[in-house]
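upload_18.csv follows (CSV, C-alpha atoms):
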chain,number,residue,atom,x,y,z
M,1,MET,CA,-15.9,-6.1,9.4
M,2,LYS,CA,-12.7,-6.6,7.4
M,3,HIS,CA,-14.5,-8.7,4.8
M,4,TYR,CA,-17.3,-6.2,4.4
M,5,LEU,CA,-14.8,-3.4,3.8
M,6,PHE,CA,-12.7,-5.5,1.4
M,7,ALA,CA,-15.9,-6.4,-0.6
M,8,LEU,CA,-16.8,-2.7,-0.6
M,9,LEU,CA,-13.5,-1.7,-2.1
M,10,VAL,CA,-13.8,-4.5,-4.7
M,11,LEU,CA,-17.2,-3.1,-5.7
M,12,LEU,CA,-15.9,0.5,-5.8
M,13,THR,CA,-13.0,-0.5,-8.0
M,14,ALA,CA,-15.3,-2.4,-10.3
M,15,ALA,CA,-17.6,0.7,-10.6
M,16,LEU,CA,-14.6,2.9,-11.2
M,17,SER,CA,-13.4,0.6,-14.0
M,18,VAL,CA,-16.7,1.3,-15.7
M,19,GLN,CA,-17.0,5.0,-15.1
M,20,LEU,CA,-13.4,6.2,-15.2
M,21,PRO,CA,-12.7,5.5,-18.9
M,22,ALA,CA,-15.3,8.0,-20.0
M,23,TYR,CA,-13.9,10.6,-17.6
M,24,ALA,CA,-10.4,9.9,-18.7
M,25,GLN,CA,-11.2,10.7,-22.3
M,26,LYS,CA,-11.9,14.4,-21.4
M,27,LYS,CA,-8.8,16.2,-22.6
M,28,SER,CA,-9.6,19.2,-20.5
M,29,THR,CA,-8.7,17.3,-17.3
M,30,GLY,CA,-5.1,16.6,-18.4
M,31,VAL,CA,-5.1,13.6,-16.0
M,32,ALA,CA,-4.1,10.1,-17.0
M,33,LEU,CA,-6.0,7.5,-15.0
M,34,ALA,CA,-5.0,3.8,-14.5
M,35,LEU,CA,-6.1,0.8,-12.6
M,36,GLY,CA,-3.4,-1.1,-10.9
M,37,GLY,CA,-2.8,-4.1,-8.7
M,38,GLY,CA,-0.3,-6.6,-7.5
M,39,VAL,CA,1.6,-8.1,-4.6
M,40,ASN,CA,3.3,-6.5,-1.6
M,41,LEU,CA,6.2,-8.5,-0.1
M,42,SER,CA,5.9,-7.0,3.3
M,43,ASN,CA,7.9,-7.1,6.6
M,44,ALA,CA,8.6,-4.9,9.6
M,45,GLN,CA,11.6,-3.4,11.3
M,46,THR,CA,11.1,-4.2,15.0
M,47,ALA,CA,12.9,-3.6,18.3
M,48,GLY,CA,12.3,-4.0,22.0
M,49,TYR,CA,9.1,-5.9,22.8
M,50,TYR,CA,8.7,-7.1,19.2
M,51,ASN,CA,12.4,-8.0,18.6
M,52,HIS,CA,12.2,-11.6,17.5
M,53,ALA,CA,12.7,-13.5,14.3
M,54,SER,CA,10.7,-12.0,11.5
M,55,SER,CA,10.3,-12.7,7.7
M,56,SER,CA,8.3,-11.3,4.8
M,57,THR,CA,4.7,-12.2,3.9
M,58,ALA,CA,2.8,-11.6,0.6
M,59,ARG,CA,-0.3,-9.3,0.7
M,60,PHE,CA,-2.4,-7.8,-2.1
M,61,SER,CA,-2.5,-4.2,-3.3
M,62,PHE,CA,-4.9,-2.7,-5.8
M,63,GLY,CA,-6.8,0.5,-6.7
M,64,PHE,CA,-6.6,3.4,-9.1
M,65,PHE,CA,-3.8,5.9,-9.9
M,66,ALA,CA,-3.7,9.3,-11.5
M,67,ASP,CA,-0.9,11.3,-13.2
M,68,LYS,CA,-1.2,15.0,-13.9
M,69,LYS,CA,1.4,16.4,-16.3
M,70,ILE,CA,3.1,19.5,-15.0
M,71,LYS,CA,5.9,20.3,-17.5
M,72,GLY,CA,8.1,18.2,-19.7
M,73,GLY,CA,8.6,14.8,-18.2
M,74,LEU,CA,7.4,16.0,-14.7
M,75,SER,CA,4.1,14.9,-13.4
M,76,ALA,CA,2.2,14.8,-10.1
M,77,ARG,CA,1.0,11.3,-9.0
M,78,SER,CA,-1.8,10.4,-6.7
M,79,GLY,CA,-4.6,7.8,-6.4
M,80,PHE,CA,-6.5,5.6,-3.9
M,81,PHE,CA,-5.7,2.0,-3.2
M,82,TYR,CA,-6.0,-0.9,-0.8
M,83,ASN,CA,-2.6,-1.6,0.7
M,84,GLY,CA,-2.1,-4.9,2.4
M,85,LEU,CA,1.0,-5.2,4.7
M,86,GLY,CA,2.3,-7.5,7.4
M,87,ARG,CA,5.0,-9.9,8.5
M,88,GLU,CA,5.6,-13.5,9.6
M,89,HIS,CA,7.4,-14.1,12.9
M,90,VAL,CA,8.4,-16.9,15.2
M,91,VAL,CA,7.7,-17.0,18.9
M,92,GLY,CA,8.5,-20.0,21.0
M,93,GLY,CA,9.1,-22.1,17.9
M,94,MET,CA,5.6,-21.3,16.5
M,95,SER,CA,5.2,-19.4,13.2
M,96,MET,CA,2.6,-16.6,13.4
M,97,GLN,CA,1.5,-13.8,11.1
M,98,ASP,CA,0.5,-10.1,11.5
M,99,GLU,CA,-1.8,-8.7,8.8
M,100,PHE,CA,-2.6,-5.0,8.2
M,101,SER,CA,-5.2,-3.5,5.8
M,102,PHE,CA,-4.9,0.1,4.8
M,103,PHE,CA,-6.5,2.6,2.5
M,104,THR,CA,-3.7,4.6,1.0
M,105,VAL,CA,-3.4,7.9,-0.9
M,106,PRO,CA,0.0,8.7,-2.5
M,107,LEU,CA,1.1,12.3,-3.2
M,108,GLN,CA,4.2,11.9,-5.3
M,109,ALA,CA,6.4,13.5,-8.0
M,110,LYS,CA,6.9,11.4,-11.2
M,111,TYR,CA,9.5,11.9,-13.9
M,112,SER,CA,9.3,10.2,-17.3
M,113,PHE,CA,12.4,9.9,-19.4
M,114,LYS,CA,12.3,11.3,-22.9
M,115,ASN,CA,12.1,8.6,-25.6
M,116,SER,CA,12.2,5.9,-22.9
M,117,PRO,CA,9.6,3.5,-21.5
M,118,PHE,CA,10.9,4.2,-18.0
M,119,SER,CA,9.8,6.6,-15.3
M,120,LEU,CA,10.6,7.2,-11.7
M,121,TYR,CA,8.4,8.4,-8.8
M,122,VAL,CA,9.0,9.3,-5.2
M,123,GLY,CA,7.1,11.0,-2.3
M,124,PRO,CA,4.9,10.4,0.7
M,125,GLN,CA,1.8,8.4,1.0
M,126,PHE,CA,-0.9,8.7,3.6
M,127,SER,CA,-2.7,5.7,5.0
M,128,TYR,CA,-5.7,4.9,7.1
M,129,LEU,CA,-5.6,1.6,9.0
M,130,ILE,CA,-8.8,-0.4,8.4
M,131,ASN,CA,-7.8,-3.2,10.8
M,132,ALA,CA,-4.8,-5.2,12.1
M,133,THR,CA,-5.0,-8.9,12.9
M,134,TRP,CA,-2.8,-11.4,14.6
M,135,ARG,CA,-2.9,-15.0,13.3
M,136,PRO,CA,-1.3,-17.5,15.7
M,137,ASP,CA,-2.4,-20.3,13.4
M,138,GLY,CA,-4.2,-20.8,10.1
M,139,ASN,CA,-7.7,-20.9,11.7
M,140,THR,CA,-7.5,-18.1,14.3
M,141,ARG,CA,-7.6,-14.4,13.9
M,142,SER,CA,-7.3,-11.9,16.7
M,143,LEU,CA,-7.9,-8.1,16.3
M,144,MET,CA,-5.1,-5.9,17.5
M,145,THR,CA,-6.1,-2.7,15.7
M,146,ASP,CA,-6.1,-0.6,18.8
M,147,GLN,CA,-2.4,-1.3,19.3
M,148,PHE,CA,-1.5,0.7,16.1
M,149,GLN,CA,-1.9,4.2,14.8
M,150,ARG,CA,-5.0,4.7,12.6
M,151,LEU,CA,-3.3,7.4,10.5
M,152,ASN,CA,0.2,6.6,9.0
M,153,VAL,CA,2.7,8.4,6.8
M,154,SER,CA,5.2,6.5,4.7
M,155,ALA,CA,7.8,7.2,2.1
M,156,ALA,CA,7.6,5.4,-1.3
M,157,GLY,CA,9.5,5.4,-4.5
M,158,GLY,CA,9.5,3.2,-7.6
M,159,LEU,CA,10.3,2.5,-11.2
M,160,LEU,CA,7.6,2.1,-13.9
M,161,CYS,CA,8.1,0.5,-17.3
M,162,ALA,CA,5.5,1.1,-20.1
M,163,PHE,CA,5.3,-2.0,-22.4
M,164,THR,CA,2.5,-0.4,-24.5
M,165,ASN,CA,0.5,2.8,-24.5
M,166,ARG,CA,-1.8,1.3,-21.9
M,167,PHE,CA,0.0,-1.5,-20.1
M,168,SER,CA,2.9,-1.0,-17.7
M,169,MET,CA,4.4,-2.6,-14.7
M,170,GLY,CA,6.1,-1.0,-11.6
M,171,PHE,CA,8.4,-2.0,-8.8
M,172,GLU,CA,8.2,0.0,-5.6
M,173,TYR,CA,9.6,0.2,-2.1
M,174,GLN,CA,7.6,1.7,0.8
M,175,SER,CA,8.5,2.3,4.4
M,176,SER,CA,6.6,3.8,7.3
M,177,ILE,CA,8.0,7.0,8.7
M,178,GLY,CA,8.6,6.2,12.4
M,179,SER,CA,6.9,3.5,14.4
M,180,ASN,CA,3.4,2.3,13.5
M,181,LEU,CA,2.5,1.6,17.1
M,182,ASP,CA,-0.2,3.6,18.9
M,183,LYS,CA,1.7,6.1,21.2
M,184,GLU,CA,-0.5,5.3,24.3
M,185,TYR,CA,-0.1,1.6,23.8
M,186,ALA,CA,3.7,1.9,23.2
M,187,SER,CA,4.1,3.9,26.4
M,188,ASN,CA,3.5,0.7,28.4
M,189,LEU,CA,6.2,-1.2,26.5
M,190,PRO,CA,10.0,-1.0,26.8
M,191,ALA,CA,11.4,2.4,25.7
M,192,ASP,CA,13.3,0.9,22.7
M,193,THR,CA,10.2,-0.8,21.2
M,194,LYS,CA,9.6,-0.2,17.5
M,195,TYR,CA,7.3,-1.6,14.8
M,196,GLN,CA,7.9,-0.1,11.4
M,197,LEU,CA,6.2,-1.6,8.4
M,198,ASN,CA,7.8,-1.8,4.9
M,199,ALA,CA,7.3,-3.6,1.6
M,200,TYR,CA,8.6,-4.3,-1.8
M,201,SER,CA,5.7,-4.1,-4.4
M,202,LEU,CA,5.2,-5.4,-7.9
M,203,ARG,CA,2.2,-4.1,-9.7
M,204,ALA,CA,0.6,-4.1,-13.2
M,205,PHE,CA,-1.2,-1.0,-14.5
M,206,TYR,CA,-3.8,-0.5,-17.2
M,207,LYS,CA,-4.1,3.0,-18.4
M,208,LEU,CA,-7.7,4.1,-19.1
M,209,SER,CA,-6.8,7.1,-21.3
M,210,LYS,CA,-4.6,7.1,-24.4
Exercise: express the given structure as structure tokens:
Amino acid sequence: MKHYLFALLVLLTAALSVQLPAYAQKKSTGVALALGGGVNLSNAQTAGYYNHASSSTARFSFGFFADKKIKGGLSARSGFFYNGLGREHVVGGMSMQDEFSFFTVPLQAKYSFKNSPFSLYVGPQFSYLINATWRPDGNTRSLMTDQFQRLNVSAAGGLLCAFTNRFSMGFEYQSSIGSNLDKEYASNLPADTKYQLNAYSLRAFYKLSK
């Protein structure tokens, strides 16, 4: 199922890359649209049942983003993107990997500095968990989606740098607000158990409107 959903998102993004430029040219919308993608260097803050050696893992992130100018350098920022998160961890001397696939919608405030290529943004983002898998080795995947909350809220903030009118890059930090574990599942684990995903992201953006 994960592969079908991933393929669907790729097709959706490809379709949007064809359709959105025409939409973005409509001055009446006042919305700047951009396609973006890159890499998440993801990990998790854990405690209790999951409290063992953990390290970061690289996952992909891509989709489209929209900025609506409010006043001066202030804009509202939203979008829709695939957000891959996860972590590597060691149990009994064996290296394993947890992988999470989300659809994410940010609702953020963005401030662009006058006469500068830099802008900052910060705010919440809302995610739906497509699936979660555990990989004890390179050839085995086990679903563990039911152990985690389907709907998640995280806080995110980042810095954007515009190199041209259309091309920019951004560096972001995101962290789940509270534990990502399903409450019913977590109730059967030690009381101090926590699993909180976070990531540093590097993305490139191509603006569809001038």
**Asked** With only C-alpha atoms as the basis for distance, which of M:Gln108, M:Asn51, M:Ser127, M:Ser119 is at the shortest distance from Val90 of chain M?
**Response** M:Asn51
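Closest approach to Gln147 of chain M among M:Ser187, M:Ser112, M:Ser42, M:Ser54 is made by M:Ser187 (distances from only C-alpha atoms).
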**Asked** Given the choices M:Asp98, M:Gly73, M:Asp67, M:Ala204, which gets closest to Lys114 of chain M if the distance is worked out from only C-alpha atoms?
**Response** M:Gly73
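Take the candidates M:Ala47, M:Ala58, M:Met94, M:Leu107 and check each one against Ser75 of chain M using all atoms listed in the file; the shortest distance goes to M:Leu107.
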Do you know which residues lie at most 10 Å from (5.0, -6.4, -11.4), with coordinates as in the file and all atoms listed in the file counted, and could you write them as a PDB file with C-alpha atoms, in the frame of the given file?
ATOM      1  CA  GLY M  36      -3.400  -1.100 -10.900  1.00  0.00           C
ATOM      2  CA  GLY M  37      -2.800  -4.100  -8.700  1.00  0.00           C
ATOM      3  CA  GLY M  38      -0.300  -6.600  -7.500  1.00  0.00           C
ATOM      4  CA  VAL M  39       1.600  -8.100  -4.600  1.00  0.00           C
ATOM      5  CA  ASN M  40       3.300  -6.500  -1.600  1.00  0.00           C
ATOM      6  CA  LEU M 160       7.600   2.100 -13.900  1.00  0.00           C
ATOM      7  CA  CYS M 161       8.100   0.500 -17.300  1.00  0.00           C
ATOM      8  CA  SER M 168       2.900  -1.000 -17.700  1.00  0.00           C
ATOM      9  CA  MET M 169       4.400  -2.600 -14.700  1.00  0.00           C
ATOM     10  CA  GLY M 170       6.100  -1.000 -11.600  1.00  0.00           C
ATOM     11  CA  PHE M 171       8.400  -2.000  -8.800  1.00  0.00           C
ATOM     12  CA  GLU M 172       8.200   0.000  -5.600  1.00  0.00           C
ATOM     13  CA  SER M 201       5.700  -4.100  -4.400  1.00  0.00           C
ATOM     14  CA  LEU M 202       5.200  -5.400  -7.900  1.00  0.00           C
ATOM     15  CA  ARG M 203       2.200  -4.100  -9.700  1.00  0.00           C
ATOM     16  CA  ALA M 204       0.600  -4.100 -13.200  1.00  0.00           C
ATOM     17  CA  PHE M 205      -1.200  -1.000 -14.500  1.00  0.00           C
TER      18      PHE M 205
END
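Taking all atoms listed in the file into account, Val153 of chain M lies nearest to M:Tyr128 out of the set M:Tyr128, M:Tyr82, M:Tyr49, M:Tyr195.
Of the residues listed (M:Lys110, M:Phe118, M:Ser95, M:Ala155), M:Lys110 shows the shortest atom-to-atom separation from Gly72 of chain M; distances use all atoms listed in the file.
Relative to atom CA of Tyr50 of chain M, atom CA of Val91 of chain M is found at 10.0 Å.
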**Message:** I'd like the contact shell of Phe167 of chain M - 7 Å cut-off, only C-alpha atoms, skipping same-chain residues fewer than 5 positions apart - returned as a PyMOL selection string.
**Reply:** chain M and resi 162+205-207
With all heavy atoms as the target, complete segment 176-187 of chain M and hand it back as a CSV table (one decimal), in the frame of the given file.
chain,number,residue,atom,x,y,z
M,176,SER,N,7.2,2.9,6.4
M,176,SER,CA,6.6,3.8,7.3
M,176,SER,C,7.6,4.8,7.8
M,176,SER,O,8.8,4.4,8.1
M,176,SER,CB,5.9,3.0,8.5
M,176,SER,OG,4.9,2.2,8.0
M,177,ILE,N,7.2,6.0,8.1
M,177,ILE,CA,8.0,7.0,8.7
M,177,ILE,C,7.8,6.9,10.2
M,177,ILE,O,6.8,7.4,10.7
M,177,ILE,CB,7.8,8.4,8.2
M,177,ILE,CG1,8.0,8.4,6.6
M,177,ILE,CG2,8.6,9.5,8.9
M,177,ILE,CD1,7.7,9.8,6.0
M,178,GLY,N,8.8,6.4,10.9
M,178,GLY,CA,8.6,6.2,12.4
M,178,GLY,C,7.8,4.9,12.7
M,178,GLY,O,7.4,4.2,11.7
M,179,SER,N,7.6,4.7,13.9
M,179,SER,CA,6.9,3.5,14.4
M,179,SER,C,5.4,3.5,14.1
M,179,SER,O,4.8,4.6,14.2
M,179,SER,CB,7.1,3.3,15.9
M,179,SER,OG,6.4,2.1,16.3
M,180,ASN,N,4.8,2.4,13.7
M,180,ASN,CA,3.4,2.3,13.5
M,180,ASN,C,2.6,2.1,14.8
M,180,ASN,O,1.3,2.2,14.7
M,180,ASN,CB,3.0,1.1,12.5
M,180,ASN,CG,3.6,1.4,11.2
M,180,ASN,OD1,4.7,1.0,10.8
M,180,ASN,ND2,2.8,2.0,10.3
M,181,LEU,N,3.2,1.9,15.9
M,181,LEU,CA,2.5,1.6,17.1
M,181,LEU,C,1.8,2.8,17.7
M,181,LEU,O,2.2,4.0,17.6
M,181,LEU,CB,3.5,1.2,18.2
M,181,LEU,CG,4.1,-0.2,18.0
M,181,LEU,CD1,5.3,-0.4,19.0
M,181,LEU,CD2,3.1,-1.3,18.1
M,182,ASP,N,0.6,2.6,18.3
M,182,ASP,CA,-0.2,3.6,18.9
M,182,ASP,C,0.7,4.2,20.1
M,182,ASP,O,1.3,3.4,20.9
M,182,ASP,CB,-1.5,3.1,19.5
M,182,ASP,CG,-2.3,4.1,20.3
M,182,ASP,OD1,-2.9,4.9,19.6
M,182,ASP,OD2,-2.3,4.0,21.5
M,183,LYS,N,0.8,5.5,20.2
M,183,LYS,CA,1.7,6.1,21.2
M,183,LYS,C,1.3,5.7,22.7
M,183,LYS,O,2.1,5.4,23.5
M,183,LYS,CB,1.7,7.6,21.1
M,183,LYS,CG,2.4,8.0,19.8
M,183,LYS,CD,2.5,9.5,19.7
M,183,LYS,CE,3.2,10.0,18.4
M,183,LYS,NZ,3.3,11.4,18.3
M,184,GLU,N,0.0,5.7,22.9
M,184,GLU,CA,-0.5,5.3,24.3
M,184,GLU,C,-0.1,3.9,24.6
M,184,GLU,O,0.3,3.5,25.7
M,184,GLU,CB,-2.0,5.6,24.4
M,184,GLU,CG,-2.5,5.4,25.8
M,184,GLU,CD,-3.9,5.8,26.0
M,184,GLU,OE1,-4.5,6.4,25.1
M,184,GLU,OE2,-4.6,5.4,27.0
M,185,TYR,N,-0.4,3.0,23.6
M,185,TYR,CA,-0.1,1.6,23.8
M,185,TYR,C,1.4,1.4,24.0
M,185,TYR,O,1.9,0.6,24.9
M,185,TYR,CB,-0.6,0.8,22.6
M,185,TYR,CG,-0.1,-0.7,22.6
M,185,TYR,CD1,-0.7,-1.6,23.5
M,185,TYR,CD2,0.9,-1.1,21.8
M,185,TYR,CE1,-0.3,-2.9,23.5
M,185,TYR,CE2,1.3,-2.4,21.7
M,185,TYR,CZ,0.7,-3.3,22.6
M,185,TYR,OH,1.1,-4.6,22.6
M,186,ALA,N,2.2,2.1,23.2
M,186,ALA,CA,3.7,1.9,23.2
M,186,ALA,C,4.3,2.4,24.5
M,186,ALA,O,5.4,2.0,24.9
M,186,ALA,CB,4.3,2.6,22.0
M,187,SER,N,3.6,3.4,25.2
M,187,SER,CA,4.1,3.9,26.4
M,187,SER,C,4.2,2.9,27.5
M,187,SER,O,4.9,3.1,28.5
M,187,SER,CB,3.3,5.1,26.9
M,187,SER,OG,2.0,4.7,27.2
